[in-house]
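Undergrad: Sharing work_5.tsv here; it has TSV, C-alpha atoms.
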```
chain	number	residue	atom	x	y	z
A	478	MET	CA	171.75	83.89	64.59
A	479	LYS	CA	169.34	86.45	63.16
A	480	ILE	CA	165.68	85.44	63.24
A	481	THR	CA	163.88	86.01	59.92
A	482	ILE	CA	160.25	86.16	58.87
A	483	SER	CA	160.74	82.69	57.35
A	484	ASP	CA	161.65	81.35	60.81
A	485	VAL	CA	158.47	82.88	62.27
A	486	ALA	CA	156.34	81.43	59.45
A	487	ARG	CA	157.87	77.95	59.84
A	488	GLU	CA	157.47	77.97	63.64
A	489	ALA	CA	153.87	79.23	63.43
A	490	GLY	CA	152.96	76.85	60.58
A	491	VAL	CA	151.78	79.61	58.24
A	492	SER	CA	153.06	81.36	55.13
A	493	LYS	CA	155.38	84.40	55.15
A	494	SER	CA	152.59	86.51	53.63
A	495	THR	CA	150.30	85.53	56.50
A	496	VAL	CA	152.94	86.64	59.01
A	497	SER	CA	153.36	89.95	57.16
A	498	LYS	CA	149.60	90.56	57.05
A	499	ALA	CA	149.23	89.72	60.74
A	500	MET	CA	151.97	92.23	61.68
A	501	ASN	CA	150.20	94.91	59.64
A	502	GLY	CA	146.77	94.17	61.16
A	503	HIS	CA	145.24	92.99	57.88
A	504	PRO	CA	141.51	92.23	58.34
A	505	SER	CA	141.73	88.98	56.35
A	506	ILE	CA	143.72	87.31	59.13
A	507	PRO	CA	141.55	85.94	62.00
A	508	ASP	CA	142.27	87.36	65.45
A	509	VAL	CA	143.19	83.95	66.83
A	510	THR	CA	145.81	83.55	64.07
A	511	LYS	CA	147.14	87.06	64.70
A	512	ARG	CA	147.56	86.34	68.41
A	513	MET	CA	149.34	83.08	67.69
A	514	ILE	CA	151.72	84.74	65.22
A	515	MET	CA	152.47	87.64	67.56
A	516	ALA	CA	153.19	85.20	70.38
A	517	THR	CA	155.60	83.37	68.08
A	518	ILE	CA	157.32	86.66	67.18
A	519	ASP	CA	157.74	87.48	70.89
A	520	ARG	CA	159.05	84.00	71.70
A	521	LEU	CA	161.62	83.99	68.89
A	522	GLY	CA	162.62	87.65	69.38
A	523	PHE	CA	161.97	88.56	65.76
A	524	ILE	CA	162.62	92.22	64.87
A	525	PRO	CA	160.89	93.32	61.62
A	526	ASN	CA	163.00	95.04	58.99
A	527	THR	CA	161.31	98.43	59.03
A	528	SER	CA	163.52	99.84	56.28
A	529	ALA	CA	162.55	97.09	53.87
A	530	LYS	CA	158.89	97.49	54.77
A	531	ASN	CA	159.04	101.24	54.18
A	532	LEU	CA	160.88	100.81	50.88
A	533	ALA	CA	158.17	98.48	49.61
A	534	SER	CA	155.43	100.89	50.61
A	535	ARG	CA	157.29	104.00	49.36
A	536	SER	CA	157.09	105.38	52.91
A	537	THR	CA	159.98	106.58	55.06
A	538	ARG	CA	158.00	107.05	58.32
A	539	ASN	CA	160.13	110.16	58.69
A	540	LEU	CA	159.02	113.76	59.20
A	541	ALA	CA	161.51	116.59	58.66
A	542	LEU	CA	161.49	119.73	60.81
A	543	LEU	CA	163.12	122.58	58.93
A	544	THR	CA	164.96	124.86	61.34
A	545	ASP	CA	167.72	127.44	61.59
A	546	LEU	CA	170.29	126.14	64.06
A	547	SER	CA	172.71	128.99	63.41
A	548	ARG	CA	170.87	130.72	66.22
A	549	GLU	CA	172.79	129.25	69.12
A	550	ARG	CA	169.98	129.97	71.56
A	551	ASN	CA	167.54	127.62	69.80
A	552	PHE	CA	168.31	124.66	72.01
A	553	ALA	CA	168.11	126.88	75.10
A	554	ASP	CA	164.79	128.34	73.92
A	555	PRO	CA	161.96	126.68	75.87
A	556	PHE	CA	159.41	127.56	73.20
A	557	PHE	CA	161.38	125.79	70.45
A	558	LEU	CA	161.93	122.80	72.74
A	559	ASN	CA	158.26	122.67	73.72
A	560	ILE	CA	157.19	122.66	70.07
A	561	LEU	CA	159.75	119.97	69.26
A	562	SER	CA	158.64	117.89	72.27
A	563	GLY	CA	155.00	118.13	71.20
A	564	ILE	CA	155.88	117.03	67.66
A	565	GLU	CA	158.05	114.15	68.85
A	566	GLY	CA	155.45	112.88	71.33
A	567	VAL	CA	152.77	112.53	68.64
A	568	ALA	CA	155.22	111.18	66.05
A	569	PHE	CA	156.52	108.47	68.38
A	570	LYS	CA	153.02	107.16	69.13
A	571	ALA	CA	152.26	107.05	65.40
A	572	ASP	CA	155.54	105.20	64.61
A	573	PHE	CA	157.18	108.15	62.83
A	574	GLU	CA	160.69	109.52	63.31
A	575	VAL	CA	161.47	113.26	63.35
A	576	THR	CA	164.59	114.62	61.65
A	577	LEU	CA	165.90	118.14	62.25
A	578	CYS	CA	166.94	119.73	58.97
A	579	ASN	CA	169.33	122.64	59.51
A	580	VAL	CA	168.93	125.09	56.63
A	581	ASN	CA	172.40	126.49	57.35
A	582	HIS	CA	174.00	123.27	56.09
A	583	LEU	CA	172.29	123.76	52.72
A	584	ASP	CA	173.21	126.31	50.10
A	585	SER	CA	169.65	127.26	49.19
A	586	SER	CA	165.99	126.34	49.41
A	587	SER	CA	166.41	124.27	46.25
A	588	ALA	CA	169.13	122.24	48.00
A	589	PHE	CA	166.74	121.50	50.84
A	590	LEU	CA	164.06	120.41	48.36
A	591	ALA	CA	166.49	118.15	46.52
A	592	ARG	CA	167.68	116.52	49.74
A	593	TYR	CA	164.34	115.85	51.44
A	594	VAL	CA	161.51	116.19	48.93
A	595	PHE	CA	162.75	115.18	45.47
A	596	SER	CA	164.68	112.20	46.86
A	597	HIS	CA	161.75	111.32	49.16
A	598	ARG	CA	163.81	111.10	52.32
A	599	ALA	CA	160.82	112.37	54.32
A	600	ASP	CA	157.08	111.80	54.11
A	601	GLY	CA	156.26	115.32	55.26
A	602	ILE	CA	157.81	118.64	56.28
A	603	PHE	CA	157.31	121.09	59.17
A	604	ILE	CA	158.26	124.65	58.17
A	605	PRO	CA	158.53	127.42	60.79
A	606	GLY	CA	156.99	130.62	59.43
A	607	SER	CA	160.19	132.54	60.27
A	608	ILE	CA	162.19	130.68	57.58
A	609	LEU	CA	159.46	130.31	54.99
A	610	SER	CA	160.24	131.01	51.33
A	611	ALA	CA	158.10	131.26	48.21
A	612	LEU	CA	160.22	128.62	46.42
A	613	ILE	CA	159.65	126.03	49.13
A	614	VAL	CA	155.90	126.59	49.42
A	615	GLU	CA	155.25	126.69	45.67
A	616	GLU	CA	157.27	123.53	45.02
A	617	LEU	CA	155.58	121.64	47.86
A	618	HIS	CA	152.18	122.61	46.46
A	619	ARG	CA	153.16	121.67	42.92
A	620	ARG	CA	154.17	118.20	44.08
A	621	ASN	CA	151.26	117.94	46.55
A	622	PHE	CA	153.88	117.13	49.19
A	623	PRO	CA	152.57	117.00	52.79
A	624	HIS	CA	153.63	120.02	54.83
A	625	VAL	CA	152.55	122.18	57.77
A	626	ILE	CA	153.70	125.75	58.37
A	627	ILE	CA	154.22	126.47	62.08
A	628	GLY	CA	153.04	130.05	62.45
A	629	GLN	CA	150.32	131.92	60.58
A	630	PRO	CA	151.83	133.06	57.27
A	631	LEU	CA	151.18	136.53	55.87
A	632	GLU	CA	151.03	134.91	52.45
A	633	TYR	CA	150.28	131.34	51.32
A	634	ALA	CA	146.88	131.27	53.05
A	635	TYR	CA	146.13	128.20	50.91
A	636	SER	CA	148.77	126.20	52.81
A	637	ASN	CA	148.36	124.01	55.87
A	638	TRP	CA	149.38	126.01	58.91
A	639	THR	CA	149.03	125.89	62.70
A	640	ASP	CA	149.58	128.73	65.13
A	641	LEU	CA	148.79	130.05	68.58
A	642	ASP	CA	146.04	132.67	68.57
A	643	ASN	CA	148.18	135.63	69.66
A	644	GLY	CA	145.52	138.19	68.79
A	645	LEU	CA	142.97	136.45	70.98
A	646	GLY	CA	145.56	136.22	73.75
A	647	ALA	CA	145.96	140.02	73.76
A	648	GLU	CA	142.19	140.48	73.83
A	649	MET	CA	141.89	138.06	76.76
A	650	LEU	CA	144.46	140.03	78.76
A	651	ILE	CA	142.63	143.33	78.16
A	652	ASP	CA	139.30	141.72	79.07
A	653	HIS	CA	140.87	140.37	82.27
A	654	ILE	CA	142.32	143.66	83.50
A	655	ALA	CA	139.13	145.52	82.55
A	656	ALA	CA	137.14	143.06	84.66
A	657	LYS	CA	139.46	143.86	87.58
A	658	GLY	CA	138.70	147.57	87.32
A	659	TYR	CA	141.85	148.78	85.53
A	660	THR	CA	141.08	151.35	82.83
A	661	ARG	CA	144.43	152.73	81.58
A	662	PRO	CA	146.51	149.82	80.18
A	663	ALA	CA	150.00	150.12	78.69
A	664	PHE	CA	151.16	147.38	76.32
A	665	ILE	CA	154.95	146.92	76.29
A	666	THR	CA	155.36	144.69	73.26
A	667	GLY	CA	158.07	143.34	70.95
A	668	LEU	CA	159.69	144.71	67.83
A	669	GLU	CA	157.23	146.13	65.34
A	670	SER	CA	158.36	143.95	62.41
A	671	GLY	CA	157.57	140.55	63.94
A	672	PRO	CA	154.40	138.64	62.89
A	673	ILE	CA	153.64	137.61	66.50
A	674	THR	CA	153.85	141.25	67.63
A	675	ARG	CA	151.61	142.32	64.75
A	676	GLN	CA	148.94	139.80	65.76
A	677	ARG	CA	149.10	140.83	69.42
A	678	VAL	CA	148.87	144.53	68.60
A	679	GLU	CA	145.84	143.90	66.41
A	680	GLY	CA	144.17	142.03	69.28
A	681	PHE	CA	145.09	144.79	71.73
A	682	ASN	CA	143.60	147.47	69.47
A	683	ARG	CA	140.39	145.48	68.99
A	684	ALA	CA	139.97	145.06	72.74
A	685	VAL	CA	140.64	148.69	73.75
A	686	ARG	CA	138.09	149.85	71.17
A	687	ARG	CA	135.58	147.32	72.44
A	688	HIS	CA	136.04	148.51	76.02
A	689	GLY	CA	135.79	152.16	74.96
A	690	PHE	CA	139.23	153.23	76.21
A	691	LYS	CA	140.08	156.68	74.86
A	692	SER	CA	143.34	157.43	73.04
A	693	ASP	CA	144.84	159.04	76.13
A	694	GLN	CA	143.88	156.02	78.27
A	695	HIS	CA	146.10	153.38	76.73
A	696	TRP	CA	149.68	153.17	75.52
A	697	LEU	CA	151.49	150.93	73.02
A	698	ILE	CA	155.30	150.78	73.14
A	699	HIS	CA	157.52	148.60	70.93
A	700	GLY	CA	161.02	147.42	71.78
A	701	GLN	CA	163.28	144.52	72.72
A	702	SER	CA	161.72	141.73	74.77
A	703	ASP	CA	164.02	142.03	77.76
A	704	ARG	CA	164.08	143.22	81.37
A	705	GLU	CA	165.83	146.51	80.55
A	706	HIS	CA	163.10	147.51	78.10
A	707	GLY	CA	160.41	146.75	80.68
A	708	LEU	CA	162.24	148.71	83.39
A	709	SER	CA	162.97	151.84	81.34
A	710	THR	CA	159.60	151.99	79.57
A	711	ALA	CA	157.55	151.45	82.71
A	712	GLY	CA	159.66	154.09	84.51
A	713	LEU	CA	158.99	156.71	81.84
A	714	LEU	CA	155.26	156.01	81.82
A	715	LEU	CA	154.94	155.99	85.60
A	716	ASP	CA	156.74	159.34	85.82
A	717	SER	CA	154.47	160.94	83.22
A	718	PRO	CA	151.60	163.32	84.16
A	719	ASN	CA	148.99	160.72	83.17
A	720	PRO	CA	150.43	157.31	84.10
A	721	PRO	CA	148.83	153.94	83.28
A	722	ASP	CA	147.19	151.84	85.96
A	723	SER	CA	148.15	148.49	84.41
A	724	PHE	CA	150.80	146.89	82.21
A	725	ILE	CA	150.53	144.16	79.57
A	726	CYS	CA	153.99	142.68	78.99
A	727	GLU	CA	155.40	140.88	75.97
A	728	ASP	CA	156.94	138.21	78.20
A	729	ASN	CA	158.13	137.40	81.72
A	730	LEU	CA	161.43	139.26	81.29
A	731	VAL	CA	159.69	142.49	80.38
A	732	ALA	CA	157.34	141.95	83.33
A	733	SER	CA	160.28	141.57	85.74
A	734	GLY	CA	161.54	145.00	84.65
A	735	VAL	CA	158.07	146.47	85.10
A	736	TYR	CA	157.88	145.03	88.62
A	737	THR	CA	161.18	146.74	89.51
A	738	ALA	CA	160.05	150.12	88.11
A	739	ILE	CA	156.83	149.94	90.13
A	740	ARG	CA	158.64	149.07	93.37
A	741	GLN	CA	161.23	151.81	92.85
A	742	ARG	CA	158.37	154.32	93.04
A	743	GLY	CA	156.89	152.87	96.23
A	744	LEU	CA	153.81	151.56	94.45
A	745	SER	CA	152.04	148.25	95.07
A	746	ILE	CA	151.01	145.34	92.79
A	747	PRO	CA	148.04	144.81	92.40
A	748	LYS	CA	146.58	147.59	94.58
A	749	ASP	CA	148.09	150.50	92.64
A	750	LEU	CA	148.90	148.76	89.35
A	751	GLY	CA	147.99	145.47	87.73
A	752	VAL	CA	150.55	143.53	85.67
A	753	VAL	CA	149.91	140.70	83.18
A	754	SER	CA	152.09	138.93	80.64
A	755	PHE	CA	152.14	136.54	77.74
A	756	ASN	CA	153.57	133.07	78.53
A	757	ASP	CA	153.89	131.24	81.82
A	758	TYR	CA	157.60	130.42	81.39
A	759	PRO	CA	160.08	130.88	82.99
A	760	LEU	CA	159.31	133.29	85.84
A	761	ALA	CA	155.58	133.92	86.19
A	762	PRO	CA	154.66	131.50	89.02
A	763	TYR	CA	157.73	132.51	91.06
A	764	MET	CA	157.52	136.31	90.88
A	765	GLU	CA	156.34	138.30	93.90
A	766	PRO	CA	153.44	138.62	93.61
A	767	PRO	CA	152.91	135.67	91.21
A	768	LEU	CA	152.17	136.95	87.72
A	769	THR	CA	148.84	136.60	85.87
A	770	VAL	CA	149.47	135.35	82.32
A	771	VAL	CA	147.83	134.21	79.15
A	772	ASP	CA	149.41	130.81	78.62
A	773	MET	CA	150.41	130.17	75.00
A	774	ASP	CA	150.46	126.37	74.66
A	775	THR	CA	153.62	125.78	72.60
A	776	TYR	CA	153.65	122.04	73.41
A	777	GLY	CA	150.08	121.82	72.10
A	778	LEU	CA	151.20	123.73	69.00
A	779	GLY	CA	153.74	120.99	68.27
A	780	GLU	CA	151.16	118.26	68.90
A	781	THR	CA	148.56	119.89	66.66
A	782	ALA	CA	151.06	120.49	63.85
A	783	CYS	CA	152.20	116.86	63.97
A	784	LEU	CA	148.67	115.46	63.96
A	785	ALA	CA	147.86	117.64	60.94
A	786	LEU	CA	150.99	116.52	59.05
A	787	ILE	CA	150.45	112.81	59.74
A	788	GLU	CA	146.86	113.18	58.58
A	789	GLN	CA	148.14	114.63	55.29
A	790	VAL	CA	150.69	111.84	54.89
A	791	GLU	CA	148.09	109.14	55.44
A	792	ASN	CA	145.30	110.91	53.54
A	793	PRO	CA	146.94	112.74	50.58
A	794	GLU	CA	143.63	113.91	49.16
A	795	ARG	CA	142.53	115.79	52.30
A	796	ARG	CA	141.80	119.51	51.98
A	797	GLN	CA	144.09	122.24	53.27
A	798	ARG	CA	143.31	123.67	56.68
A	799	ALA	CA	144.38	126.33	59.15
A	800	THR	CA	144.33	125.90	62.92
A	801	LEU	CA	144.55	128.54	65.65
A	802	ILE	CA	145.09	127.25	69.19
A	803	LYS	CA	143.17	129.13	71.88
A	804	PRO	CA	145.29	130.37	74.82
A	805	GLU	CA	144.25	130.23	78.48
A	806	ILE	CA	144.29	132.84	81.24
A	807	ILE	CA	146.08	131.80	84.45
A	808	GLU	CA	145.04	134.30	87.10
A	809	ARG	CA	147.42	135.01	89.96
A	810	GLU	CA	147.94	137.70	92.58
A	811	SER	CA	149.32	140.38	90.22
A	812	THR	CA	145.74	141.30	89.22
A	813	ARG	CA	143.75	140.29	92.30
A	814	ARG	CA	142.93	143.87	93.18
A	815	PRO	CA	141.15	144.39	96.50
A	816	GLY	CA	137.43	144.79	95.87
A	817	ALA	CA	137.64	143.75	92.19
A	818	ALA	CA	135.31	141.17	90.66
A	819	GLU	CA	136.44	137.55	90.82
```
Do you think you could lay out the structure here as structure tokens?
TA:
Amino acid sequence: MKITISDVAREAGVSKSTVSKAMNGHPSIPDVTKRMIMATIDRLGFIPNTSAKNLASRSTRNLALLTDLSRERNFADPFFLNILSGIEGVAFKADFEVTLCNVNHLDSSSAFLARYVFSHRADGIFIPGSILSALIVEELHRRNFPHVIIGQPLEYAYSNWTDLDNGLGAEMLIDHIAAKGYTRPAFITGLESGPITRQRVEGFNRAVRRHGFKSDQHWLIHGQSDREHGLSTAGLLLDSPNPPDSFICEDNLVASGVYTAIRQRGLSIPKDLGVVSFNDYPLAPYMEPPLTVVDMDTYGLGETACLALIEQVENPERRQRATLIKPEIIERESTRRPGAAE
């Protein structure tokens, strides 16, 4: 037999409205009464009807994460999973559910809006910057619908967005290798069109100017973020008349290729060349020597985005804001040059 709120009220000797207020922490109910009602709920095994409660309050307690699952590697991508885990961890503690919304099942942006926004099937939306569209952003603003863009947008600066500070990360890597005595850095970075690459290149350029490196003392090479690109690019630079003395790598895979190119030429890390990389996953701690990185906290990115979205849901009048998450240097043996400053 299903236990109802009427059963709880009868057993506790109070009204149904008193039970409801006690469950919602209403200040008009004395603490002693709340404790008695909650004990009665536990004893009877009453499970509140969350759907009915949400319907009455016009709240779904659901947050939608817009994503493109046509890319089969998404669920094997640790960065996507870390962001999702960070979002889910915060949402669970705040009694929200998270729904993945695959844009590939919808015909258009307007179909997505009709399904989740106009019909109010979610209280708020996470939108990765990679699949942002003007229609979505403008409609969300027109309706004052809670949303957070994950990734710093080139446009829509008036929106709520959260991102990792990629530009600062590049500057931190240059500052680190400069402190270790390296003076001719090469940056093997990603494809030129990507927003993350653009931010990192801007940070790299700021730092080399600040350290006074001349134009023939640093190199910037774009390409695929893979081992082959790291191997071939590092080989060409090392065989040139004026080779670099350090490498900044887009990720661990590029760094693994750089390591191979250095070893093929009988050179030593970190004595002859220093190597650093963005991101600590998946190889950095296990490479030989272990790789110095700037750790981009993707889990924290998910947490921060979720906290910002829940704040919007619960405080609709709050002002828009942008958040950049500061990365952290993890120093390892790949830059611990003999005689260099600690």
Undergrad: Within 12 Å of region 539-547 of chain A, which residues of region 620-666 of chain A come that close, and what is the closest atom pair and distance in Å for each? Count only C-alpha atoms and give it as a Markdown table.
TA:
```
| residue | atom | partner | partner_atom | distance |
| --- | --- | --- | --- | --- |
| A:Phe622 | CA | A:Leu540 | CA | 11.7 |
| A:Pro623 | CA | A:Leu540 | CA | 9.7 |
| A:His624 | CA | A:Leu540 | CA | 9.3 |
| A:Val625 | CA | A:Leu542 | CA | 9.8 |
| A:Ile626 | CA | A:Leu543 | CA | 10.0 |
| A:Ile627 | CA | A:Leu542 | CA | 10.0 |
```
Undergrad: Calculated over all atoms listed in the file, which of the candidates A:Gly779, A:Gly490, A:Gly734, A:Pro815 has the smallest distance to Gly628 (chain A)?
TA: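 Nearest candidate to Gly628 (chain A) out of A:Gly779, A:Gly490, A:Gly734, A:Pro815: A:Gly779.
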Undergrad: Which is closest to Asp600 (chain A) among A:Arg538, A:Arg809, A:Arg683, A:Lys498, if we use all atoms listed in the file?
TA: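 Comparing A:Arg538, A:Arg809, A:Arg683, A:Lys498 against Asp600 (chain A), the winner is A:Arg538.
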Undergrad: How many Å separate CA of Glu574 (chain A) from CA of Lys493 (chain A)?
TA: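 About the pair CA of Glu574 (chain A) and CA of Lys493 (chain A): they are 26.9 Å apart.
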Undergrad: Mind giving me the straight-line distance from CA of Thr666 (chain A) to CA of Asn579 (chain A) in Å, one decimal?
TA: 29.5 Å
Undergrad: Need the shell around region 668-678 of chain A: protein/DNA/RNA residues with any atom at most 6 Å away, counting all atoms listed in the file. Skip same-chain ones fewer than 2 positions apart. Format as a list in words?
TA: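 Using all atoms listed in the file, the neighbours found are Asn643, Gly644, Ala647, Gly680, Phe681, His699 and Gly700 of chain A.
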Undergrad: Determine the nearest neighbour of Gly712 (chain A) from the options A:Arg813, A:Lys691, A:Arg742, A:Arg592, counting all atoms listed in the file.
TA: A:Arg742
Undergrad: Please indicate the distance in Å from CA of Ile613 (chain A) to CA of Ile787 (chain A), rounded to one decimal place.
TA: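 Answer for the CA of Ile613 (chain A) to CA of Ile787 (chain A) separation: 19.3 Å.
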Undergrad: Find the spatial neighbours of region 512-517 of chain A, counting all atoms listed in the file, within a cut-off of 10 Å - ignore same-chain residues fewer than 5 positions away - and output them as a list in words.
TA: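 The residues satisfying every condition are Asp484, Val485, Ala486, Glu488, Ala489, Gly490, Val491, Thr495, Val496, Ser497, Ala499, Met500, Pro507, Gly522 and Phe523 of chain A.
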Undergrad: Near Leu561 (chain A), counting all atoms listed in the file, which residues have an atom at most 9 Å away, once you skip same-chain residues fewer than 4 positions from it, shown as a list of chain:residue names?
TA: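 The contact residues come out as A:Leu542, A:Phe556, A:Phe557, A:Glu565, A:Gly566, A:Tyr776, A:Gly779, A:Glu780.
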Undergrad: For Leu760 (chain A), which of A:Lys803, A:His503, A:Arg704, A:Arg798 is the closest residue, counting all atoms listed in the file?
TA: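 The answer is A:Arg704, which sits nearest to Leu760 (chain A).
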Undergrad: Pick the closest to Phe573 (chain A) from A:Leu713, A:Ala599, A:Leu744, A:Ile482: which is it, counting all atoms listed in the file?
TA: A:Ala599
Undergrad: Smallest atom-to-atom distance to Leu697 (chain A): which of A:Leu609, A:Ile802, A:Val575, A:Cys726, using only C-alpha atoms?
TA: A:Cys726
Undergrad: Around (155.7, 124.1, 75.3) in the file's frame, which residues reach within 12 Å when counting all atoms listed in the file? Return as an NGL selection string?
TA: :A and (554-564 or 566 or 641 or 756-759 or 772-781)
Undergrad: Using all atoms listed in the file, determine which residues lie at most 12 Å from Glu808 (chain A), disregarding the query and same-chain residues fewer than 2 positions distant; provide the list as a list in words.
TA: Met649, Leu650, His653, Ile654, Lys657, Gly751, Val752, Val753, Ser754, Phe755, Asp757, Ala761, Pro762, Pro766, Pro767, Leu768, Thr769, Val770, Val771, Asp772, Glu805, Ile806, Glu810, Ser811, Thr812, Arg813, Arg814 and Glu819 of chain A
Undergrad: Excluding Pro662 (chain A) and residues on its chain fewer than 5 positions from it, collect all residues at most 6 Å away from it, counting all atoms listed in the file, and give them as a PyMOL selection string.
TA: chain A and resi 695+721+723-724
Undergrad: Could I get region 560-567 of chain A rebuilt with all heavy atoms, written as a PDB file, in the frame of the given file?
TA:
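Result went into result-v7.pdb, see below:
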```
ATOM      1  N   ILE A 560     157.761 123.026  71.367  1.00  0.00           N
ATOM      2  CA  ILE A 560     157.190 122.660  70.070  1.00  0.00           C
ATOM      3  C   ILE A 560     157.767 121.339  69.596  1.00  0.00           C
ATOM      4  O   ILE A 560     157.037 120.428  69.172  1.00  0.00           O
ATOM      5  CB  ILE A 560     157.448 123.769  69.029  1.00  0.00           C
ATOM      6  CG1 ILE A 560     156.654 125.027  69.394  1.00  0.00           C
ATOM      7  CG2 ILE A 560     157.068 123.302  67.623  1.00  0.00           C
ATOM      8  CD1 ILE A 560     157.022 126.251  68.561  1.00  0.00           C
ATOM      9  N   LEU A 561     159.093 121.200  69.684  1.00  0.00           N
ATOM     10  CA  LEU A 561     159.750 119.970  69.260  1.00  0.00           C
ATOM     11  C   LEU A 561     159.259 118.777  70.088  1.00  0.00           C
ATOM     12  O   LEU A 561     159.012 117.690  69.541  1.00  0.00           O
ATOM     13  CB  LEU A 561     161.270 120.122  69.401  1.00  0.00           C
ATOM     14  CG  LEU A 561     162.130 118.909  69.026  1.00  0.00           C
ATOM     15  CD1 LEU A 561     161.873 118.491  67.587  1.00  0.00           C
ATOM     16  CD2 LEU A 561     163.608 119.227  69.230  1.00  0.00           C
ATOM     17  N   SER A 562     159.108 118.973  71.401  1.00  0.00           N
ATOM     18  CA  SER A 562     158.640 117.890  72.270  1.00  0.00           C
ATOM     19  C   SER A 562     157.220 117.471  71.901  1.00  0.00           C
ATOM     20  O   SER A 562     156.893 116.274  71.894  1.00  0.00           O
ATOM     21  CB  SER A 562     158.695 118.311  73.734  1.00  0.00           C
ATOM     22  OG  SER A 562     160.019 118.564  74.136  1.00  0.00           O
ATOM     23  N   GLY A 563     156.360 118.452  71.608  1.00  0.00           N
ATOM     24  CA  GLY A 563     155.000 118.130  71.200  1.00  0.00           C
ATOM     25  C   GLY A 563     154.963 117.352  69.904  1.00  0.00           C
ATOM     26  O   GLY A 563     154.201 116.383  69.760  1.00  0.00           O
ATOM     27  N   ILE A 564     155.791 117.756  68.938  1.00  0.00           N
ATOM     28  CA  ILE A 564     155.880 117.030  67.660  1.00  0.00           C
ATOM     29  C   ILE A 564     156.357 115.606  67.896  1.00  0.00           C
ATOM     30  O   ILE A 564     155.762 114.633  67.409  1.00  0.00           O
ATOM     31  CB  ILE A 564     156.839 117.763  66.699  1.00  0.00           C
ATOM     32  CG1 ILE A 564     156.202 119.060  66.193  1.00  0.00           C
ATOM     33  CG2 ILE A 564     157.224 116.869  65.521  1.00  0.00           C
ATOM     34  CD1 ILE A 564     157.139 119.929  65.377  1.00  0.00           C
ATOM     35  N   GLU A 565     157.440 115.466  68.666  1.00  0.00           N
ATOM     36  CA  GLU A 565     158.050 114.150  68.850  1.00  0.00           C
ATOM     37  C   GLU A 565     157.107 113.198  69.596  1.00  0.00           C
ATOM     38  O   GLU A 565     157.037 112.008  69.280  1.00  0.00           O
ATOM     39  CB  GLU A 565     159.361 114.304  69.620  1.00  0.00           C
ATOM     40  CG  GLU A 565     160.293 113.108  69.499  1.00  0.00           C
ATOM     41  CD  GLU A 565     159.888 111.963  70.423  1.00  0.00           C
ATOM     42  OE1 GLU A 565     159.306 112.230  71.495  1.00  0.00           O
ATOM     43  OE2 GLU A 565     160.161 110.800  70.078  1.00  0.00           O
ATOM     44  N   GLY A 566     156.358 113.727  70.575  1.00  0.00           N
ATOM     45  CA  GLY A 566     155.450 112.880  71.330  1.00  0.00           C
ATOM     46  C   GLY A 566     154.376 112.253  70.453  1.00  0.00           C
ATOM     47  O   GLY A 566     154.082 111.053  70.561  1.00  0.00           O
ATOM     48  N   VAL A 567     153.790 113.047  69.563  1.00  0.00           N
ATOM     49  CA  VAL A 567     152.770 112.530  68.640  1.00  0.00           C
ATOM     50  C   VAL A 567     153.409 111.597  67.613  1.00  0.00           C
ATOM     51  O   VAL A 567     152.872 110.519  67.313  1.00  0.00           O
ATOM     52  CB  VAL A 567     152.040 113.690  67.942  1.00  0.00           C
ATOM     53  CG1 VAL A 567     151.144 113.174  66.817  1.00  0.00           C
ATOM     54  CG2 VAL A 567     151.222 114.478  68.948  1.00  0.00           C
TER      55      VAL A 567
END
```
